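Undergrad: Attaching a single structure in structure tokens format; questions to follow.
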Amino acid sequence: MAFFLETLLGGLMAGMLYSLVALGFVLIFKASGVFNFAQGAMVLFGALSMARFSEWIPQLTGVDSLFMANVLAFVMAAVVMFVVAWAVEYLVLRHLVNQEGATLLMATLGIAYFLEGLGQTLFGSSIYKIDIGMPKDPVFILEGMFQGGVLVNKEDFYAALIAAALVCLLTLFFQKTVTGRALRAVADDHQAAQSIGIPLNRIWMIVWCVAGVVALVAGMIWGSKLGVQFSLTTVALRALPVVILGGLTSVPGAIIGGLIIGVGEKLSEVYLGGFVGGGIEIWFAYVLALGFLLIRPQGLFGEKIIDRV
Amino acid sequence: MFYRENGQFKTTYQADQQILPIRQDRMVMMLILVFAIAVVPMLASDYFFRAILIPFLIMSLAALGVNILVGYCGQISLGSGAFMAVGAYGAYNFFVRIPGLPLIPALILGGLCATLFGILFGLPSLRVKGLYLAVATLAAQFFSDWMFLRIKWLTNDSPSGSVSVAELQVFGFPIESALSKYWLCLALLMVIALLAKNLVRSAVGREWMAIRDMDVAAAVIGIRPMYAKLSAFAVSSFIVGVAGALWAFIYLGAWEPAAFSVDISFRLLFMVIIGGLGSILGGFLGAAFITLLPIALSQILPSLAGLVGFEISTAGVSHAELMIFGGLIVWFLIVEPHGLAKLWAIAKQKMRLWPFPH
């Protein structure tokens with residue numbers, strides 16, 4: 001029982017990390033209708049810039065405290081992501097308005113390859129460290145109820161907290177600010193939003209900036225966990241089942257989908273993996289999402305797909 | 001002036017329905033075939049065959065298959081790498097376990113294995129559409145990655161999933177030299193391309209295109225979506241499976257599950273979209289573009305960098321290749337979203353009017 005609880009908690013926390021990446025997908029798809037395959041590359045790019053800046057800032061400016069170096073690095077990396085967002089909107093998206101989904105998908109895939117190459121050219125291609133002061137040691141909870149207690153990974157726990165905080169911030173942004181309201185309007189209906197005077201291009205740029213910051217936070221957390229290296233781009237592939245399970249257009253869907261996929265992955269690996277040779281995590285997530293899709297083809301919280309003939 | 005159908009009258013329905021009704025088109029096609037079969041072998045070096053022509057032929061076969069599914073039937077599929085893998089390992093199993101089985105039946109049986117796999121993983125298309133289906137097909141990709149690594153029986157109990165084939169022969173002719181490999185791939189490509197072209201011109205092809213354009217309306221007029229979608233998956237995965245078997249047997253010789261990773265799926269989708277969705281010619285053009293681009297870049301970049309005056313390391317070259325690859329894809333999609341086939345169609349239209357501008 002304690003082991004099951006451990007796996008469950010581990011799964012929930014891993015799920016929060018996946019939903020961080022999935023949030024980026026959902027934000028961009030909601031507002032601009034583009035399925036951003038470059039999200040993984042953006043996570044890598046953000047993580048790389050954060051890692052390298054936090055290395056270079058103490059060297060160049062003599063700032064001593066780790067906390068200040070990290071804060072400055074985060075700010076600079078966020079600026080870099082804003083520049084990327086502006087470039088993507090100005091050079092690519094503006095010219096591909098109204099193209100079909102497959103074309104936009106391939107364009108974002110092209111952007112992904114470009115960002116991967118650019119990131120490694122600018123920042124180097126070895127494995128870098130992100131040290132944001134996350135505790136790496138595990139902790140045992142509920143020692144009274146279960147013998148030996150339930151093992152909880154502190155790093156995952158703090159990461160889950162950061163992800164939850166980010167989601168709350170985003171919710172506040174979308175609900176309480178004027179820009180957030182404009183973003184929601186564009187997500188509802190591009191043409192209607194344009195007709196009441198909301199500048200679509202600027203909104204798309206803001207969305208990509210927000211998604212860039214989300215990617216940066218995700219990159220920071222995953223990078224602190226796994227080290228910043230090229231394989232960080234595959235994190236996006238692991239977050240895709242979360243997106244389709246939750247629904248491409250729903251932020252709560254990304255969270256709940258993340259939790260379901262996280263728990264499903266860990267439980268399946270532990271309890272089913274033994275029978276079939278192990279390593280079933282990644283395709284199990286996809287098959288789980290597929291199973292949900294067969295019942296609700298638009299994802300759990302996605303917009304119902306209305307076909308007009 | 002030269003490209004008109006003046007004076008070319010058809011007196012039978014058969015002549016009217018042929019694939020290339022204009023005489024100039026038939027002549028050009030004949031020239032291309034003669035060039036490919038007879039002239040290229042005389043001019044091309046061994047390196048050119050092995051590094052450029054053979055991958056181009058096999059990838060155009062695979063792009064043909066993917067185009068049938070994505071371009072003609074409208075089901076975006078990111079699992080093509082898995083179908084190639086199933087075709088390759090299926091053909092391998094039949095080749096190795098049935099002693100004396102000739103090569104071509106082994107390839108075809110591999111394609112049939114891929115067909116079954118494709119139908120199985122095409123079942124979600126009956127319920128799920130669009131981008132959701134694209135991501136759902138990734139399930140096929142990752143499942144196949146896992147399957148060939150962990151299920152030992154499928155790889156003849158090889159510990160890491162890596163297998164190899166040797167001593168291939170067709171009707172007694174050994175397939176050892178680059179030239180024999182080239183001719184085998186070319187022959188299979190020609191036959192399958194002809195069959196595919198006729199398939200998409202037939203009733204089945206029209207059903208696929210109806211499903212692509214408006215699947216609800218197609219169902220209303222009596223096209224059964226299940227048969228149409230699953231037949232598209234079946235035909236497409238057969239062709240992609242045969243291409244995968246060829247890729248493994250002829251091009252790689254020895255392979256492992258990682259040779260058919262998600263990267264190949266993305267590359268095939270690039271080929272189809274850059275070549276042009278919904279066009280048989282598009283598969284060839286896209287395959288040429290994507291196959292030749294990395295080779296051209298790796299040749300041109302060091303000399304360009306030398307011109308400008310700085311040394312570029314191999315890591316730098318590979319990063320620059322990624323950047324240029326991605327940048328070119330995006331530029332191409334902005335300039336012509338309908339692909340190279342559309343550019344070719346525009347060129348043909350201009351040729352009809354030449355020397356007049358309009």
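Here's how to read the names in the structure tokens: chain A, B, ... by the order shown, residue numbers from 1 in each chain, ligand numbers from 1 in the order shown.
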Each residue of chain B lying at most 9 Å from chain A should get a row with its shortest atom-to-atom pair and the distance in Å to one decimal, counting only C-alpha atoms; could you produce that, ordered by chain and increasing number, as a tab-separated table?

TA:
residue	atom	partner	partner_atom	distance
B:Ile76	CA	A:Ala102	CA	7.6
B:Pro124	CA	A:Leu294	CA	7.0
B:Arg127	CA	A:Leu294	CA	6.1
B:Val128	CA	A:Pro297	CA	5.3
B:Lys129	CA	A:Pro297	CA	7.7
B:Gly130	CA	A:Gly101	CA	8.4
B:Leu131	CA	A:Gly101	CA	8.0
B:Tyr132	CA	A:Ile244	CA	6.0
B:Leu133	CA	A:Leu290	CA	8.9
B:Val135	CA	A:Leu240	CA	7.1
B:Ala136	CA	A:Leu290	CA	6.0
B:Thr137	CA	A:Tyr286	CA	8.8
B:Leu138	CA	A:Tyr286	CA	7.3
B:Ala139	CA	A:Tyr286	CA	5.1
B:Ala140	CA	A:Trp283	CA	8.1
B:Gln141	CA	A:Trp283	CA	8.4
B:Phe142	CA	A:Trp283	CA	5.2
B:Phe143	CA	A:Trp283	CA	5.4
B:Ser144	CA	A:Trp283	CA	8.9
B:Asp145	CA	A:Trp283	CA	8.9
B:Trp146	CA	A:Ile280	CA	7.1
B:Arg150	CA	A:Gly277	CA	6.0
B:Ile151	CA	A:Gly277	CA	7.8
B:Met214	CA	A:Val309	CA	7.2
B:Asp215	CA	A:Val309	CA	8.7
B:Val216	CA	A:Val309	CA	6.4
B:Ala217	CA	A:Val309	CA	5.9
B:Phe266	CA	A:Leu109	CA	8.4
B:Leu269	CA	A:Met106	CA	8.0
B:Phe270	CA	A:Met106	CA	6.8
B:Ile273	CA	A:Thr103	CA	7.1
B:Ala315	CA	A:Ser125	CA	8.6
B:Gly316	CA	A:Thr121	CA	6.7
B:Ser318	CA	A:Gly117	CA	7.9
B:His319	CA	A:Gly117	CA	4.5
B:Ala320	CA	A:Gly117	CA	6.2
B:Glu321	CA	A:Gly117	CA	7.5
B:Leu322	CA	A:Gly117	CA	5.1
B:Met323	CA	A:Phe114	CA	4.0
B:Ile324	CA	A:Phe114	CA	7.0
B:Phe325	CA	A:Tyr113	CA	7.2
B:Gly326	CA	A:Gly110	CA	4.0
B:Gly327	CA	A:Phe114	CA	6.0
B:Leu328	CA	A:Gly110	CA	7.9
B:Ile329	CA	A:Gly110	CA	5.5
B:Val330	CA	A:Ala107	CA	5.1
B:Trp331	CA	A:Val92	CA	8.1
B:Leu333	CA	A:Ala107	CA	6.7
B:Ile334	CA	A:His95	CA	6.2
B:Val335	CA	A:His95	CA	8.8
B:Pro337	CA	A:Thr103	CA	6.7
B:His338	CA	A:Thr103	CA	8.6

Undergrad: Quick one: residues within 6 Å of Leu151 (chain A), only C-alpha atoms, excluding same-chain residues fewer than 6 positions away - as a list in words?

TA: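 In the requested form, the answer reads Glu6, Val139 and Phe140 of chain A.
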
Undergrad: For the residues selected in the previous step, produce a file with N, CA and C atoms as a tab-separated table (two decimals), in the first residue's frame.

TA:
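Result went into out_34.tsv, see below:
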chain	number	residue	atom	x	y	z
A	6	GLU	N	3.39	5.68	-2.98
A	6	GLU	CA	4.62	6.30	-3.47
A	6	GLU	C	4.55	6.49	-4.98
A	139	VAL	N	12.50	12.68	0.81
A	139	VAL	CA	12.00	12.82	2.17
A	139	VAL	C	10.94	11.76	2.40
A	140	PHE	N	10.82	11.31	3.64
A	140	PHE	CA	9.82	10.27	3.94
A	140	PHE	C	8.66	10.89	4.68

Undergrad: Just how far from CA of Lys30 (chain A) is CA of Ala14 (chain A), in Å to one decimal?

TA: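 For CA of Ala14 (chain A) relative to CA of Lys30 (chain A), the distance reads 24.1 Å.
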
Undergrad: If we count only C-alpha atoms and set the cut-off at 10 Å, which residues sit around Leu149 (chain B), ignoring sequence neighbours fewer than 5 positions away in its own chain? Please answer as a PDB file with N, CA and C atoms, in the first residue's frame.

TA:
ATOM      1  N   GLY A 277       8.285  -6.920 -20.254  1.00  0.00           N
ATOM      2  CA  GLY A 277       9.674  -6.611 -20.558  1.00  0.00           C
ATOM      3  C   GLY A 277      10.102  -5.211 -20.220  1.00  0.00           C
ATOM      4  N   GLY A 279       9.939  -0.812 -19.935  1.00  0.00           N
ATOM      5  CA  GLY A 279      10.131   0.278 -20.893  1.00  0.00           C
ATOM      6  C   GLY A 279       8.870   0.678 -21.604  1.00  0.00           C
TER       7      GLY A 279
ATOM      8  N   PHE B 143       5.079   2.509 -30.076  1.00  0.00           N
ATOM      9  CA  PHE B 143       4.834   1.104 -29.809  1.00  0.00           C
ATOM     10  C   PHE B 143       5.790   0.245 -30.630  1.00  0.00           C
ATOM     11  N   SER B 144       5.988   0.626 -31.898  1.00  0.00           N
ATOM     12  CA  SER B 144       6.887  -0.169 -32.726  1.00  0.00           C
ATOM     13  C   SER B 144       8.318  -0.056 -32.229  1.00  0.00           C
ATOM     14  N   LEU B 154      10.556 -11.273 -32.451  1.00  0.00           N
ATOM     15  CA  LEU B 154      10.420 -10.504 -33.680  1.00  0.00           C
ATOM     16  C   LEU B 154      11.754 -10.224 -34.342  1.00  0.00           C
ATOM     17  N   THR B 155      12.817 -10.223 -33.525  1.00  0.00           N
ATOM     18  CA  THR B 155      14.116  -9.925 -34.123  1.00  0.00           C
ATOM     19  C   THR B 155      14.992 -11.159 -34.124  1.00  0.00           C
ATOM     20  N   SER B 158      17.675 -11.605 -31.363  1.00  0.00           N
ATOM     21  CA  SER B 158      18.899 -10.809 -31.297  1.00  0.00           C
ATOM     22  C   SER B 158      18.846  -9.924 -30.062  1.00  0.00           C
ATOM     23  N   PRO B 159      19.940  -9.785 -29.312  1.00  0.00           N
ATOM     24  CA  PRO B 159      19.869  -9.118 -27.998  1.00  0.00           C
ATOM     25  C   PRO B 159      19.521  -7.642 -28.074  1.00  0.00           C
ATOM     26  N   SER B 160      19.972  -6.932 -29.088  1.00  0.00           N
ATOM     27  CA  SER B 160      19.689  -5.499 -29.097  1.00  0.00           C
ATOM     28  C   SER B 160      18.707  -5.139 -30.192  1.00  0.00           C
ATOM     29  N   GLY B 161      18.118  -6.132 -30.808  1.00  0.00           N
ATOM     30  CA  GLY B 161      17.186  -5.831 -31.882  1.00  0.00           C
ATOM     31  C   GLY B 161      17.872  -5.592 -33.207  1.00  0.00           C
ATOM     32  N   SER B 162      19.205  -5.669 -33.251  1.00  0.00           N
ATOM     33  CA  SER B 162      19.869  -5.397 -34.523  1.00  0.00           C
ATOM     34  C   SER B 162      20.026  -6.692 -35.307  1.00  0.00           C
ATOM     35  N   GLU B 256      18.825  -1.710 -36.840  1.00  0.00           N
ATOM     36  CA  GLU B 256      18.288  -1.923 -35.497  1.00  0.00           C
ATOM     37  C   GLU B 256      17.024  -1.074 -35.385  1.00  0.00           C
ATOM     38  N   PRO B 257      16.225  -1.242 -34.324  1.00  0.00           N
ATOM     39  CA  PRO B 257      14.966  -0.493 -34.246  1.00  0.00           C
ATOM     40  C   PRO B 257      15.151   1.017 -34.329  1.00  0.00           C
ATOM     41  N   ALA B 258      16.294   1.528 -33.861  1.00  0.00           N
ATOM     42  CA  ALA B 258      16.471   2.982 -33.878  1.00  0.00           C
ATOM     43  C   ALA B 258      16.593   3.546 -35.285  1.00  0.00           C
TER      44      ALA B 258
END

Undergrad: Let's see if you can do this: from backbone DSSP, list all helix (DSSP H, G or I) residues in region 99-136 of chain A, as a ChimeraX atom specification.

TA: /A:101-123

Undergrad: Skipping near chain neighbours, those fewer than 2 positions away, what residues fall within 10 Å of region 230-234 of chain A using only C-alpha atoms, listed as a PyMOL selection string?

TA: chain A and resi 38-45+47-48+112+116+119-120+125-127+219+222-223+226-228+236-239

Undergrad: In Å to one decimal, how far is CA of Ile104 (chain B) from CA of Val163 (chain B)?

TA: 18.8 Å

Undergrad: Which residues are close to region 78-86 of chain B, i.e. within 9 Å by only C-alpha atoms, leaving aside same-chain residues fewer than 3 positions away? Reply as a PyMOL selection string.

TA: chain B and resi 62+65-66+89-91+110-111+113-115+117-118+121+133-145+148+237-245+247-248+257+259-266+268-269

Undergrad: Determine which residues of region 72-211 of chain A receive a DSSP assignment of strand (DSSP E or B), computed from the backbone, and state them as a list in words.

TA: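 Output for region 72-211 of chain A, strand (DSSP E or B) only: Tyr128, Pro138, Val139, Phe140, Ile141, Val150, Leu151, Val152 and Asn153 of chain A.
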
Undergrad: Using only C-alpha atoms, which residues sit within 8 Å of Met76 (chain A) once same-chain residues fewer than 3 positions away are excluded, as a short mmCIF file (atom, residue, chain, number, x, y, z; two decimals) with N, CA and C atoms, in the first residue's frame?

TA:
data_model
loop_
_atom_site.label_atom_id
_atom_site.label_comp_id
_atom_site.auth_asym_id
_atom_site.auth_seq_id
_atom_site.Cartn_x
_atom_site.Cartn_y
_atom_site.Cartn_z
N MET A 50 19.17 29.87 -20.15
CA MET A 50 19.21 30.02 -18.69
C MET A 50 20.50 29.45 -18.13
N PHE A 53 23.55 31.65 -19.33
CA PHE A 53 23.57 32.98 -18.71
C PHE A 53 23.94 32.88 -17.24
N LEU A 72 18.88 37.08 -12.53
CA LEU A 72 19.31 37.83 -13.71
C LEU A 72 19.30 36.94 -14.96
N ALA A 73 19.78 35.68 -14.77
CA ALA A 73 19.80 34.76 -15.91
C ALA A 73 18.39 34.50 -16.41
N VAL A 79 14.01 37.48 -21.93
CA VAL A 79 14.16 38.44 -23.04
C VAL A 79 14.49 37.71 -24.34
N VAL A 80 15.39 36.72 -24.22
CA VAL A 80 15.74 35.94 -25.42
C VAL A 80 14.51 35.25 -25.99
#

Undergrad: What does the distance between CA of Gly276 (chain B) and CA of Cys73 (chain B) come to in Å, to one decimal place?

TA: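 Separation between CA of Gly276 (chain B) and CA of Cys73 (chain B): 13.7 Å.
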
Undergrad: For region 181-187 of chain A, please output as an MDAnalysis selection string all residues within 10 Å (counting only C-alpha atoms; exclusion window: fewer than 3 positions along the same chain).

TA: chainID A and resid 27:33 173:178 190:194 196:200 203:204 206:207 249

Undergrad: Filtering to N, CA and C atoms, could you give me those residues as a CSV table (one decimal), in the first residue's frame?

TA:
chain,number,residue,atom,x,y,z
A,27,LEU,N,-1.6,26.9,-25.0
A,27,LEU,CA,-1.7,28.4,-25.1
A,27,LEU,C,-1.7,28.8,-26.5
A,28,ILE,N,-0.7,28.3,-27.2
A,28,ILE,CA,-0.5,28.7,-28.6
A,28,ILE,C,-1.6,28.2,-29.5
A,29,PHE,N,-2.1,27.0,-29.3
A,29,PHE,CA,-3.1,26.4,-30.1
A,29,PHE,C,-4.4,27.2,-29.9
A,30,LYS,N,-4.7,27.5,-28.6
A,30,LYS,CA,-5.9,28.2,-28.3
A,30,LYS,C,-6.0,29.6,-29.0
A,31,ALA,N,-4.9,30.3,-28.9
A,31,ALA,CA,-4.9,31.7,-29.4
A,31,ALA,C,-4.7,31.8,-30.9
A,32,SER,N,-3.8,31.0,-31.5
A,32,SER,CA,-3.5,31.2,-32.9
A,32,SER,C,-3.8,30.0,-33.8
A,33,GLY,N,-4.3,28.9,-33.2
A,33,GLY,CA,-4.7,27.8,-34.0
A,33,GLY,C,-3.5,27.0,-34.6
A,173,PHE,N,-3.7,36.1,-15.0
A,173,PHE,CA,-3.4,36.9,-16.2
A,173,PHE,C,-4.6,36.9,-17.1
A,174,PHE,N,-5.1,35.6,-17.4
A,174,PHE,CA,-6.1,35.5,-18.4
A,174,PHE,C,-7.4,36.1,-17.9
A,175,GLN,N,-7.7,36.0,-16.6
A,175,GLN,CA,-9.0,36.4,-16.2
A,175,GLN,C,-9.1,37.9,-15.8
A,176,LYS,N,-8.0,38.4,-15.2
A,176,LYS,CA,-8.1,39.7,-14.6
A,176,LYS,C,-7.5,40.9,-15.4
A,177,THR,N,-6.6,40.6,-16.4
A,177,THR,CA,-6.0,41.7,-17.1
A,177,THR,C,-6.7,41.9,-18.4
A,178,VAL,N,-6.5,43.1,-19.0
A,178,VAL,CA,-7.2,43.4,-20.3
A,178,VAL,C,-6.6,42.6,-21.4
A,190,HIS,N,-11.2,34.3,-34.2
A,190,HIS,CA,-10.2,35.2,-34.7
A,190,HIS,C,-10.9,36.4,-35.4
A,191,GLN,N,-11.9,36.1,-36.2
A,191,GLN,CA,-12.5,37.1,-37.0
A,191,GLN,C,-13.3,38.1,-36.2
A,192,ALA,N,-14.0,37.5,-35.2
A,192,ALA,CA,-14.8,38.4,-34.4
A,192,ALA,C,-13.9,39.3,-33.6
A,193,ALA,N,-12.8,38.8,-33.1
A,193,ALA,CA,-11.9,39.6,-32.3
A,193,ALA,C,-11.3,40.7,-33.1
A,194,GLN,N,-11.0,40.3,-34.4
A,194,GLN,CA,-10.4,41.4,-35.3
A,194,GLN,C,-11.4,42.4,-35.6
A,196,ILE,N,-13.7,43.6,-33.7
A,196,ILE,CA,-13.9,44.6,-32.7
A,196,ILE,C,-12.6,45.4,-32.4
A,197,GLY,N,-11.6,45.2,-33.2
A,197,GLY,CA,-10.4,46.0,-33.1
A,197,GLY,C,-9.2,45.4,-32.3
A,198,ILE,N,-9.2,44.2,-32.0
A,198,ILE,CA,-8.1,43.6,-31.3
A,198,ILE,C,-7.0,43.3,-32.4
A,199,PRO,N,-5.8,43.8,-32.2
A,199,PRO,CA,-4.8,43.6,-33.3
A,199,PRO,C,-4.3,42.1,-33.2
A,200,LEU,N,-4.6,41.3,-34.2
A,200,LEU,CA,-4.3,39.9,-34.1
A,200,LEU,C,-2.8,39.6,-34.1
A,203,ILE,N,-1.4,40.2,-30.7
A,203,ILE,CA,-1.9,39.2,-29.7
A,203,ILE,C,-1.1,37.9,-29.9
A,204,TRP,N,-0.9,37.5,-31.2
A,204,TRP,CA,-0.2,36.3,-31.4
A,204,TRP,C,1.2,36.4,-30.9
A,206,ILE,N,2.2,38.2,-28.4
A,206,ILE,CA,2.1,38.1,-26.9
A,206,ILE,C,1.9,36.6,-26.5
A,207,VAL,N,1.1,35.9,-27.2
A,207,VAL,CA,0.8,34.5,-26.8
A,207,VAL,C,2.1,33.7,-27.0
A,249,THR,N,-7.5,22.6,-26.6
A,249,THR,CA,-7.9,24.0,-26.4
A,249,THR,C,-8.2,24.3,-24.9

Undergrad: Taking into account only C-alpha atoms, which residue in the set A:Tyr90, A:Phe157, A:Phe292, A:Phe123 is nearest to Asn201 (chain A)?

TA: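 Using only C-alpha atoms, Asn201 (chain A) sits closest to A:Tyr90.
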